[in-house]
Amino acid sequence: MNEPEVLRRMLETKRIAVVGLSDNPAKPSHYVSKYMQQAGYRILPVNPGIQSVLGEKSYASLTDLVAAEGKPDVVNVFRVPSFIPGIVDEMLELGLTNLWVQQGIVHLDAARKAEEGGIRVVMDRCIMVEHRRAA
């Protein structure tokens, strides 16, 4: 987890599914995603509670997103730790290979399961901070 090569490879992608993206500009999920969008990434919102955000249609689940848009390059998660195992299970079912769990969110058992299933994991890191650091 969090190896420099994994971070670099994930930041080289262009399509990021954001699980838990809020339409509230004051929330980290919103301003981090807006920053990444302005940096040239396509943001694909996953939040069943909203219709759209940042000019993009929001999907109820990763499964719905993949059915409509194809596989994202990275799944960036802004949900509390208890949701991470379910997200990992859905990613394994869908064949998604890059999981980025935002700073302050840790679920080591889910990370271990993800890595055992072939998913690269970055956990407890902010994608915006790492993007700025890499620039």
# chains A, B, ... in the order shown; residues from 1 in each chain; ligands from 1
>>> select_by_dssp(residues="chain A", states="helix (DSSP H, G or I)", output="ChimeraX atom specification")
/A:4-11,28-38,62-69,81-94,108-116,127-134
>>> residues_around(residues="region 49-63 of chain A", least_positions_apart="5", cutoff="8 Å", atoms="only C-alpha atoms", output="NGL selection string")
:A and (17 or 19 or 21-23 or 34 or 43-44 or 90-91 or 94)
>>> write_last_selection(atoms="N, CA, C and O atoms", output="PDB file, in the first residue's frame")
ATOM      1  N   ALA A  17     -13.557   7.456 -10.733  1.00  0.00           N
ATOM      2  CA  ALA A  17     -14.864   7.319 -10.098  1.00  0.00           C
ATOM      3  C   ALA A  17     -14.710   7.798  -8.663  1.00  0.00           C
ATOM      4  O   ALA A  17     -13.782   7.376  -7.967  1.00  0.00           O
ATOM      5  N   VAL A  19     -16.502   7.778  -5.213  1.00  0.00           N
ATOM      6  CA  VAL A  19     -17.577   7.214  -4.395  1.00  0.00           C
ATOM      7  C   VAL A  19     -17.778   8.117  -3.184  1.00  0.00           C
ATOM      8  O   VAL A  19     -16.846   8.348  -2.416  1.00  0.00           O
ATOM      9  N   LEU A  21     -19.042  11.323  -3.620  1.00  0.00           N
ATOM     10  CA  LEU A  21     -18.872  12.717  -4.054  1.00  0.00           C
ATOM     11  C   LEU A  21     -20.116  13.518  -3.678  1.00  0.00           C
ATOM     12  O   LEU A  21     -21.225  13.166  -4.046  1.00  0.00           O
ATOM     13  N   SER A  22     -19.912  14.589  -2.932  1.00  0.00           N
ATOM     14  CA  SER A  22     -21.000  15.453  -2.472  1.00  0.00           C
ATOM     15  C   SER A  22     -21.184  16.630  -3.425  1.00  0.00           C
ATOM     16  O   SER A  22     -20.231  17.085  -4.051  1.00  0.00           O
ATOM     17  N   ASP A  23     -22.407  17.145  -3.489  1.00  0.00           N
ATOM     18  CA  ASP A  23     -22.647  18.362  -4.256  1.00  0.00           C
ATOM     19  C   ASP A  23     -22.471  19.614  -3.391  1.00  0.00           C
ATOM     20  O   ASP A  23     -22.689  20.728  -3.842  1.00  0.00           O
ATOM     21  N   LYS A  34     -13.219  18.642  -7.660  1.00  0.00           N
ATOM     22  CA  LYS A  34     -13.193  19.812  -8.542  1.00  0.00           C
ATOM     23  C   LYS A  34     -11.750  20.142  -8.935  1.00  0.00           C
ATOM     24  O   LYS A  34     -11.460  20.419 -10.105  1.00  0.00           O
ATOM     25  N   ILE A  43     -14.079  13.211 -13.875  1.00  0.00           N
ATOM     26  CA  ILE A  43     -14.650  12.788 -12.600  1.00  0.00           C
ATOM     27  C   ILE A  43     -15.984  12.107 -12.873  1.00  0.00           C
ATOM     28  O   ILE A  43     -16.851  12.659 -13.565  1.00  0.00           O
ATOM     29  N   LEU A  44     -16.148  10.904 -12.323  1.00  0.00           N
ATOM     30  CA  LEU A  44     -17.361  10.105 -12.500  1.00  0.00           C
ATOM     31  C   LEU A  44     -17.998   9.904 -11.121  1.00  0.00           C
ATOM     32  O   LEU A  44     -17.571   9.037 -10.356  1.00  0.00           O
ATOM     33  N   GLU A  90     -17.459  -4.980  -4.529  1.00  0.00           N
ATOM     34  CA  GLU A  90     -18.011  -4.549  -5.813  1.00  0.00           C
ATOM     35  C   GLU A  90     -16.899  -4.384  -6.848  1.00  0.00           C
ATOM     36  O   GLU A  90     -17.052  -4.782  -8.009  1.00  0.00           O
ATOM     37  N   MET A  91     -15.772  -3.819  -6.424  1.00  0.00           N
ATOM     38  CA  MET A  91     -14.637  -3.667  -7.346  1.00  0.00           C
ATOM     39  C   MET A  91     -14.131  -5.021  -7.835  1.00  0.00           C
ATOM     40  O   MET A  91     -13.818  -5.180  -9.015  1.00  0.00           O
ATOM     41  N   LEU A  94     -16.416  -6.376 -10.454  1.00  0.00           N
ATOM     42  CA  LEU A  94     -16.371  -5.610 -11.700  1.00  0.00           C
ATOM     43  C   LEU A  94     -15.012  -5.641 -12.389  1.00  0.00           C
ATOM     44  O   LEU A  94     -14.866  -5.138 -13.500  1.00  0.00           O
TER      45      LEU A  94
END
>>> residues_around(residues="Val101 (chain A)", least_positions_apart="3", cutoff="10 Å", atoms="only C-alpha atoms", output="list of chain:residue names")
A:Val18, A:Val19, A:Val75, A:Asn76, A:Val77, A:Phe78, A:Arg79, A:Val80, A:Pro81, A:Ile84, A:Asn98, A:Gly104, A:Ile105, A:Val106, A:His107, A:Ala111, A:Val121, A:Val122, A:Met123, A:Asp124, A:Arg125, A:Cys126, A:Ile127
>>> atom_distance(atom1="CA of Tyr41 (chain A)", atom2="CA of Thr13 (chain A)")
7.8 Å
>>> atom_distance(atom1="CA of Pro25 (chain A)", atom2="CA of Lys71 (chain A)")
26.2 Å
>>> closest_residue(among="A:Lys27, A:Ala114, A:Glu12, A:Leu65", to="Ala39 (chain A)", atoms="only C-alpha atoms")
A:Glu12
>>> closest_residue(among="A:Val46, A:Ala135, A:Leu7, A:Ala110", to="Pro72 (chain A)", atoms="only C-alpha atoms")
A:Val46
>>> select_by_dssp(residues="chain A", states="strand (DSSP E)", output="list in words")
Arg15, Ile16, Ala17, Val18, Val19, Arg42, Ile43, Leu44, Pro45, Val46, Ser52, Val53, Glu56, Lys57, Val74, Val75, Asn76, Val77, Asn98, Leu99, Trp100, Val101, Arg120, Val121, Val122 and Met123 of chain A
>>> write_last_selection(atoms="N, CA and C atoms", output="PDB file, in the first residue's frame")
ATOM      1  N   ARG A  15      -9.499   8.805 -15.686  1.00  0.00           N
ATOM      2  CA  ARG A  15     -10.924   8.660 -15.348  1.00  0.00           C
ATOM      3  C   ARG A  15     -11.041   8.171 -13.916  1.00  0.00           C
ATOM      4  N   ILE A  16     -11.601   9.028 -13.049  1.00  0.00           N
ATOM      5  CA  ILE A  16     -11.681   8.716 -11.626  1.00  0.00           C
ATOM      6  C   ILE A  16     -13.140   8.641 -11.190  1.00  0.00           C
ATOM      7  N   ALA A  17     -13.557   7.456 -10.733  1.00  0.00           N
ATOM      8  CA  ALA A  17     -14.864   7.319 -10.098  1.00  0.00           C
ATOM      9  C   ALA A  17     -14.710   7.798  -8.663  1.00  0.00           C
ATOM     10  N   VAL A  18     -15.589   8.685  -8.228  1.00  0.00           N
ATOM     11  CA  VAL A  18     -15.507   9.217  -6.865  1.00  0.00           C
ATOM     12  C   VAL A  18     -16.726   8.751  -6.089  1.00  0.00           C
ATOM     13  N   VAL A  19     -16.502   7.778  -5.213  1.00  0.00           N
ATOM     14  CA  VAL A  19     -17.577   7.214  -4.395  1.00  0.00           C
ATOM     15  C   VAL A  19     -17.778   8.117  -3.184  1.00  0.00           C
ATOM     16  N   ARG A  42     -11.227  13.221 -15.693  1.00  0.00           N
ATOM     17  CA  ARG A  42     -12.681  13.066 -15.829  1.00  0.00           C
ATOM     18  C   ARG A  42     -13.191  12.497 -14.518  1.00  0.00           C
ATOM     19  N   ILE A  43     -14.079  13.211 -13.875  1.00  0.00           N
ATOM     20  CA  ILE A  43     -14.650  12.788 -12.600  1.00  0.00           C
ATOM     21  C   ILE A  43     -15.984  12.107 -12.873  1.00  0.00           C
ATOM     22  N   LEU A  44     -16.148  10.904 -12.323  1.00  0.00           N
ATOM     23  CA  LEU A  44     -17.361  10.105 -12.500  1.00  0.00           C
ATOM     24  C   LEU A  44     -17.998   9.904 -11.121  1.00  0.00           C
ATOM     25  N   PRO A  45     -18.988  10.718 -10.756  1.00  0.00           N
ATOM     26  CA  PRO A  45     -19.580  10.664  -9.422  1.00  0.00           C
ATOM     27  C   PRO A  45     -20.368   9.378  -9.157  1.00  0.00           C
ATOM     28  N   VAL A  46     -20.201   8.858  -7.936  1.00  0.00           N
ATOM     29  CA  VAL A  46     -20.992   7.720  -7.468  1.00  0.00           C
ATOM     30  C   VAL A  46     -21.608   8.132  -6.140  1.00  0.00           C
ATOM     31  N   SER A  52     -26.567  14.927 -10.198  1.00  0.00           N
ATOM     32  CA  SER A  52     -25.345  15.297 -10.897  1.00  0.00           C
ATOM     33  C   SER A  52     -24.525  16.231 -10.015  1.00  0.00           C
ATOM     34  N   VAL A  53     -23.237  16.324 -10.342  1.00  0.00           N
ATOM     35  CA  VAL A  53     -22.333  17.220  -9.627  1.00  0.00           C
ATOM     36  C   VAL A  53     -21.133  17.481 -10.531  1.00  0.00           C
ATOM     37  N   GLU A  56     -21.343  16.450 -14.158  1.00  0.00           N
ATOM     38  CA  GLU A  56     -21.362  15.027 -14.525  1.00  0.00           C
ATOM     39  C   GLU A  56     -22.564  14.333 -13.874  1.00  0.00           C
ATOM     40  N   LYS A  57     -23.158  13.403 -14.586  1.00  0.00           N
ATOM     41  CA  LYS A  57     -24.236  12.563 -14.045  1.00  0.00           C
ATOM     42  C   LYS A  57     -23.685  11.736 -12.894  1.00  0.00           C
ATOM     43  N   VAL A  74      -9.500   4.649 -11.773  1.00  0.00           N
ATOM     44  CA  VAL A  74      -9.289   4.665 -10.326  1.00  0.00           C
ATOM     45  C   VAL A  74     -10.640   4.838  -9.647  1.00  0.00           C
ATOM     46  N   VAL A  75     -10.817   4.164  -8.514  1.00  0.00           N
ATOM     47  CA  VAL A  75     -11.976   4.385  -7.656  1.00  0.00           C
ATOM     48  C   VAL A  75     -11.457   5.133  -6.431  1.00  0.00           C
ATOM     49  N   ASN A  76     -11.881   6.390  -6.288  1.00  0.00           N
ATOM     50  CA  ASN A  76     -11.472   7.251  -5.181  1.00  0.00           C
ATOM     51  C   ASN A  76     -12.627   7.305  -4.189  1.00  0.00           C
ATOM     52  N   VAL A  77     -12.352   6.957  -2.926  1.00  0.00           N
ATOM     53  CA  VAL A  77     -13.433   6.769  -1.957  1.00  0.00           C
ATOM     54  C   VAL A  77     -13.416   7.832  -0.865  1.00  0.00           C
ATOM     55  N   ASN A  98      -7.797  -0.302  -9.330  1.00  0.00           N
ATOM     56  CA  ASN A  98      -7.116   0.751  -8.573  1.00  0.00           C
ATOM     57  C   ASN A  98      -8.063   1.372  -7.555  1.00  0.00           C
ATOM     58  N   LEU A  99      -7.720   1.251  -6.283  1.00  0.00           N
ATOM     59  CA  LEU A  99      -8.522   1.800  -5.190  1.00  0.00           C
ATOM     60  C   LEU A  99      -7.718   2.851  -4.453  1.00  0.00           C
ATOM     61  N   TRP A 100      -8.271   4.055  -4.367  1.00  0.00           N
ATOM     62  CA  TRP A 100      -7.650   5.145  -3.612  1.00  0.00           C
ATOM     63  C   TRP A 100      -8.625   5.537  -2.524  1.00  0.00           C
ATOM     64  N   VAL A 101      -8.239   5.332  -1.267  1.00  0.00           N
ATOM     65  CA  VAL A 101      -9.080   5.678  -0.127  1.00  0.00           C
ATOM     66  C   VAL A 101      -8.500   6.937   0.508  1.00  0.00           C
ATOM     67  N   ARG A 120      -4.693  -2.699  -6.732  1.00  0.00           N
ATOM     68  CA  ARG A 120      -3.673  -1.827  -6.141  1.00  0.00           C
ATOM     69  C   ARG A 120      -4.386  -0.855  -5.205  1.00  0.00           C
ATOM     70  N   VAL A 121      -3.785  -0.617  -4.027  1.00  0.00           N
ATOM     71  CA  VAL A 121      -4.449   0.183  -2.999  1.00  0.00           C
ATOM     72  C   VAL A 121      -3.560   1.324  -2.535  1.00  0.00           C
ATOM     73  N   VAL A 122      -4.153   2.505  -2.497  1.00  0.00           N
ATOM     74  CA  VAL A 122      -3.592   3.656  -1.792  1.00  0.00           C
ATOM     75  C   VAL A 122      -4.620   3.991  -0.721  1.00  0.00           C
ATOM     76  N   MET A 123      -4.178   4.069   0.521  1.00  0.00           N
ATOM     77  CA  MET A 123      -5.109   4.303   1.627  1.00  0.00           C
ATOM     78  C   MET A 123      -4.566   5.390   2.537  1.00  0.00           C
TER      79      MET A 123
END
>>> atom_distance(atom1="CA of Gly95 (chain A)", atom2="CA of Gly70 (chain A)")
11.1 Å
>>> closest_residue(among="A:Glu93, A:Glu3, A:Arg133, A:Ser82", to="Asp109 (chain A)", atoms="only C-alpha atoms")
A:Ser82
>>> closest_residue(among="A:Pro85, A:Thr97, A:Val66, A:Val129", to="Arg9 (chain A)", atoms="only C-alpha atoms")
A:Thr97
>>> residues_around(residues="Ala134 (chain A)", least_positions_apart="4", cutoff="9 Å", atoms="only C-alpha atoms", output="list in words")
Arg8, Leu11, Val129 and Glu130 of chain A
